[in-house]
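To start, the structure itself, in structure tokens.
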Amino acid sequence: MLTPRLSRRTVLAGTVAATALTTLPTLQGRADAAVAPSYRWRNAVIGGTGFVTGVLFHPSVRGLAYARTDIGGAYRWDERAARWTPLTDHLGWDDWNLLGVEALAVDPVHPNRLYLAVGTYAQSWAGNGAVLRSDDRGTTWTRTDLTVKLGANEDGRGAGERLLVDPRDSDTLWLGTRHDGLLKSTDRGATWAAETAFPATASASGQGVTFLVAVGRVVYAGWGDGDGTAATSNLYRTADGTTWQAVPGQPAGTSAKVPIRAAYDAHTRELYVSYADAPGPNGQADGSVHKFAPATGRWTDVTPVRPGGSDSFGYGGVAVDARRPGAVVVSTNNRWAAVDTLYRTTDGGRTWTSLKDVAVFDVSETPFLKWGAEQPKFGWWIQAVAVDPYDSRHVVYGTGATLYGTRDLKHWAPQIRGLEETSVIKLVSPPVGEAHLLSGSGDIGVLYHERLTASPSRGMATNPVFGSATGLAQAAGRPAYVVRTGWGDNGNGAHSGDGGRTWAPFAAQPSLAHDAPGPIATNADGSVLLWSFVHWDGTKYAAHRSADNGTTWTEISSFPKGATPVADPADPTLFYAYDTDTGTLLASTDSGLTFTERASGLPAGDSQFQLVAAPGRSGDLWLSVKWNGLYRSVDEGASFTKVASCRASYTLGFGKAADGSDYPAIYQVGSTETITAVYRSDDEAKTWVRINDDRHQWGWTGQAITGDPRVYGRVYLATNGRGIQYGERI
């Protein structure tokens, strides 16, 4: 998804200690504010939007399947309801790194058992990974904390399942790591130890184990750190769970450098392996598909189409048909010239058919998948492919934005209900109009939510199309006027005169906009725009001002570089900016022409500190400064007072006031004592009530929150991988 993917620089040696913890409800401490149990939480429906990195049908239960994502947790498929059920929403603020799922495993003998290897990043700044195990298909969990790191949102995250129940013993589990070799558990994942007999040497910057797969009673392990020569091995196996050997005769060369995934055809007793020259999902230019017959030791190259020239790509997913011998589906990956596809064979790889060539798509349920064009794309980042073991014509594949499924190998539609993986950046709830919500997100730009229970019918905002949004603002006194900014190839800013339904690009934009589009603000009457510029690497540039709807722009030298502009909701001449480098509040009384310092000596040092203006009032400012707490100014930023009721505040917003109150309801993600949670205050932050619960936490939620100005008690919450959550009183 959006967070940078880096490489871990440390290596574990020796035994892997682990601690078992029950994690539902999550063990985060006691509640520190009154809990409001009468809140109902749901996703504002978009449908997918993130990288589905793995799909696994249960081999013993018809209609049971699981999916994993890089930053949005794991899901269970409910065949009767035709939707996915999220399984990891209980992971809270302190466990944000566990919302990325590196691998999942089921037990063919015990259908209710499910295992997840969780951990989003393997960097020094991220926490260690964990293994979650369940005896009720993910309804409740027991957790084992590891002393190694996993990397569900790093390169190679679309590789095969690195977690496996041993085919000889259901109490034995194997876990392949990126930098710490192979781990083994003999007590169903309660404790783990390094498998010292595994012959491959771990690397601090490599891929390590890329997959684990059962071939009868033998366990095979893919290894991603070979150099592609015949002198190194990238596939190992054990027949007794004690000794490991390299598989003989395995293919070599750049097209077989990294084994991505593997699938075993129990009918023909052949193992199919997909390869690429890099782990993916990006950076692959070569690849191949081979099958191996363990009984004879024979390898056969069954590559559907060989990459070459401008048509460069690797191979990703591979799945066998449990009902039809020799029937296999594989996917290409990172194929941008000829576009990725699925190839299917019914004769063991002698001949292949491209399923893309006859595919008919229906994305009416999730219109954003048209990406501003007339027709949807087949997809990209296709590394997860699965064939239903009870229905040969039911094939699914994951992309960087959705999960497609077919029941006839021709007609495809998103099989994505209930799976929401958006990384949300901006939220606006208009005071009037058809839509109660506008959103700006990573990867899918800005959306106009005319209904909360269906994906926006207009799809992504167009004219221009953005990949990721960086700014979204509405004129408080003229709500039909909305502006947005973001990363796009055909412009980086746009305005709307109908509340965000349709858009037009700014007539011009500063030269900085293409490489550093940052947040934007419009004053109360929509007559002035302030656009701040921040490069993705954090470099800050001077903000610009427009007083003619984006036709001309002038630099504002007195505005703090990189700061987020905030408009006063009542006075169109007032703008504010908080300089997070110095802890200083600046204000403009001339519609953004010049800024002067007001309050100083406030917390500094974090660009994610947030300044928010209370709606319908002039000069009423709230400053969320994370663990430094919450501050308020009622004099246009001349002075601030720390709010005593709040220990930490990460993001804050406002909604309709409670009956009998003349001040808007305040919503925040923060803490009053120890637990970071979602809170509401109906008395100007004198007291707070917690409105989420331990089953609804969604990892890191510090980006954006806003109440609904028309519905008391309704709140919209941005998550980093679980889409837009909205809560309502019931």
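Going through the structure tokens in order, the chains are called A, B, and so on, while each chain numbers its residues from 1 and the ligands are numbered from 1 in the order shown.
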
If you take only C-alpha atoms and a cut-off of 9 Å, which residues of range 136-239 of chain A touch range 51-66 of chain A, and what are their nearest atom pairs and distances in Å to one decimal, in chain and number order, as a tab-separated table?
```
residue	atom	partner	partner_atom	distance
A:Ala152	CA	A:Thr53	CA	8.7
A:Arg157	CA	A:Thr53	CA	6.5
A:Gly158	CA	A:Thr53	CA	4.7
A:Ala159	CA	A:Thr53	CA	7.7
A:Gly160	CA	A:Gly54	CA	7.5
A:Glu161	CA	A:Gly54	CA	7.5
```

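What separates CA of Ile382 in chain A from CA of Asp340 in chain A is a distance of 7.5 Å.
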
**Q.** 8 Å contact set for Val109 in chain A, only C-alpha atoms, chain neighbours under 2 positions out, as an MDAnalysis selection string
**A.** chainID A and resid 60 107 111 170

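Comparing the minimum interatomic distances between Ala44 in chain A and each of A:Val424, A:Ala513, A:Leu602, A:Leu271, counting only C-alpha atoms, we find that A:Val424 sits nearest.
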
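CA of Gly538 in chain A to CA of Gly562 in chain A spans 8.5 Å [interatomic distance, one decimal].
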
Q. Quick one: residues within 10 Å of Gly400 in chain A, only C-alpha atoms counted, chain neighbours fewer than 4 positions away excluded, as a ChimeraX atom specification?
A. /A:1,48-53,69-70,281,379-383,443

Please, could you write that set of residues out with N, CA and C atoms as a PDB file, in the first residue's frame?
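result.pdb, freshly written:
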```
ATOM      1  N   MET A   1       0.840  -1.193   0.000  1.00  0.00           N
ATOM      2  CA  MET A   1       0.000   0.000   0.000  1.00  0.00           C
ATOM      3  C   MET A   1       0.884   1.257   0.000  1.00  0.00           C
ATOM      4  N   GLY A  48     -12.856  -3.285  -1.476  1.00  0.00           N
ATOM      5  CA  GLY A  48     -11.469  -3.637  -1.748  1.00  0.00           C
ATOM      6  C   GLY A  48     -10.555  -2.446  -1.646  1.00  0.00           C
ATOM      7  N   THR A  49      -9.983  -2.038  -2.778  1.00  0.00           N
ATOM      8  CA  THR A  49      -9.085  -0.902  -2.991  1.00  0.00           C
ATOM      9  C   THR A  49      -7.643  -1.169  -2.601  1.00  0.00           C
ATOM     10  N   GLY A  50      -7.318  -2.300  -2.004  1.00  0.00           N
ATOM     11  CA  GLY A  50      -5.947  -2.588  -1.614  1.00  0.00           C
ATOM     12  C   GLY A  50      -5.461  -3.905  -2.183  1.00  0.00           C
ATOM     13  N   PHE A  51      -4.226  -4.246  -1.865  1.00  0.00           N
ATOM     14  CA  PHE A  51      -3.551  -5.421  -2.402  1.00  0.00           C
ATOM     15  C   PHE A  51      -4.000  -6.670  -1.636  1.00  0.00           C
ATOM     16  N   VAL A  52      -4.711  -7.545  -2.326  1.00  0.00           N
ATOM     17  CA  VAL A  52      -5.067  -8.847  -1.761  1.00  0.00           C
ATOM     18  C   VAL A  52      -3.907  -9.787  -2.078  1.00  0.00           C
ATOM     19  N   THR A  53      -3.158 -10.158  -1.056  1.00  0.00           N
ATOM     20  CA  THR A  53      -1.891 -10.862  -1.264  1.00  0.00           C
ATOM     21  C   THR A  53      -2.012 -12.378  -1.207  1.00  0.00           C
ATOM     22  N   THR A  69      -4.365  -9.627   3.401  1.00  0.00           N
ATOM     23  CA  THR A  69      -4.003  -8.371   2.754  1.00  0.00           C
ATOM     24  C   THR A  69      -2.697  -7.860   3.339  1.00  0.00           C
ATOM     25  N   ASP A  70      -2.094  -6.888   2.635  1.00  0.00           N
ATOM     26  CA  ASP A  70      -0.784  -6.420   3.096  1.00  0.00           C
ATOM     27  C   ASP A  70      -0.860  -5.509   4.316  1.00  0.00           C
ATOM     28  N   PRO A 281       5.869  -7.147  -5.612  1.00  0.00           N
ATOM     29  CA  PRO A 281       5.063  -7.137  -6.837  1.00  0.00           C
ATOM     30  C   PRO A 281       5.601  -6.242  -7.943  1.00  0.00           C
ATOM     31  N   GLY A 379      -6.212  -6.076 -14.249  1.00  0.00           N
ATOM     32  CA  GLY A 379      -5.583  -5.997 -12.934  1.00  0.00           C
ATOM     33  C   GLY A 379      -4.081  -5.962 -13.022  1.00  0.00           C
ATOM     34  N   TRP A 380      -3.450  -5.677 -11.895  1.00  0.00           N
ATOM     35  CA  TRP A 380      -1.996  -5.692 -11.784  1.00  0.00           C
ATOM     36  C   TRP A 380      -1.659  -6.240 -10.406  1.00  0.00           C
ATOM     37  N   TRP A 381      -0.393  -6.527 -10.190  1.00  0.00           N
ATOM     38  CA  TRP A 381       0.023  -7.172  -8.946  1.00  0.00           C
ATOM     39  C   TRP A 381      -0.786  -8.454  -8.728  1.00  0.00           C
ATOM     40  N   ILE A 382      -0.864  -9.290  -9.737  1.00  0.00           N
ATOM     41  CA  ILE A 382      -1.629 -10.531  -9.624  1.00  0.00           C
ATOM     42  C   ILE A 382      -0.682 -11.633  -9.140  1.00  0.00           C
ATOM     43  N   GLN A 383      -0.701 -11.878  -7.854  1.00  0.00           N
ATOM     44  CA  GLN A 383       0.144 -12.926  -7.275  1.00  0.00           C
ATOM     45  C   GLN A 383      -0.665 -13.929  -6.458  1.00  0.00           C
ATOM     46  N   ASP A 443      -4.252   5.687  -3.344  1.00  0.00           N
ATOM     47  CA  ASP A 443      -4.471   4.795  -4.490  1.00  0.00           C
ATOM     48  C   ASP A 443      -5.760   5.054  -5.261  1.00  0.00           C
TER      49      ASP A 443
END
```

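The protein and nucleic acid residues lying at most 8 Å from Asp166 in chain A are Thr172, Leu173, Trp174, Ala214, Arg217 and Val219 of chain A, with only C-alpha atoms considered and sequence neighbours fewer than 6 positions away removed.
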
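With CA of Tyr667 in chain A on one side and CA of Asn692 in chain A on the other, the separation reads 11.5 Å.
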
Residues within 6 Å of range 618-629 of chain A, please, as a compact mmCIF listing (two decimals) with C-alpha atoms, in the first residue's frame. Count only C-alpha atoms; anything in the same chain fewer than 6 positions from it doesn't count.
```txt
# COMPACT_ATOMS: atom_id res chain seq x y z
CA ALA A 570 -16.88 31.89 9.82
CA PHE A 609 0.25 17.29 14.64
CA GLN A 610 -3.18 18.54 13.57
CA LEU A 611 -4.90 21.92 13.84
CA VAL A 612 -8.71 21.97 13.50
CA ASP A 635 -8.81 33.97 20.51
CA GLU A 636 -7.75 33.17 16.95
CA CYS A 646 -7.13 14.50 27.51
CA ARG A 647 -3.86 12.63 27.89
CA ALA A 648 -3.20 12.15 24.16
CA SER A 649 -4.91 13.35 21.00
CA TYR A 650 -4.03 12.14 17.51
```

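Considering only C-alpha atoms, the residue among A:Gly241, A:Gly727, A:Gly224, A:Gly253 positioned nearest to His696 in chain A is A:Gly727.
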
Q. Taking into account only C-alpha atoms, which residue in the set A:Val363, A:Ala197, A:Leu438, A:Val432 is nearest to Gln415 in chain A?
A. A:Val363

Q: Could you tell me which of A:Asn463, A:Ser511, A:Thr522, A:Thr147 comes closest to Gly477 in chain A if we count only C-alpha atoms?
A: A:Thr522
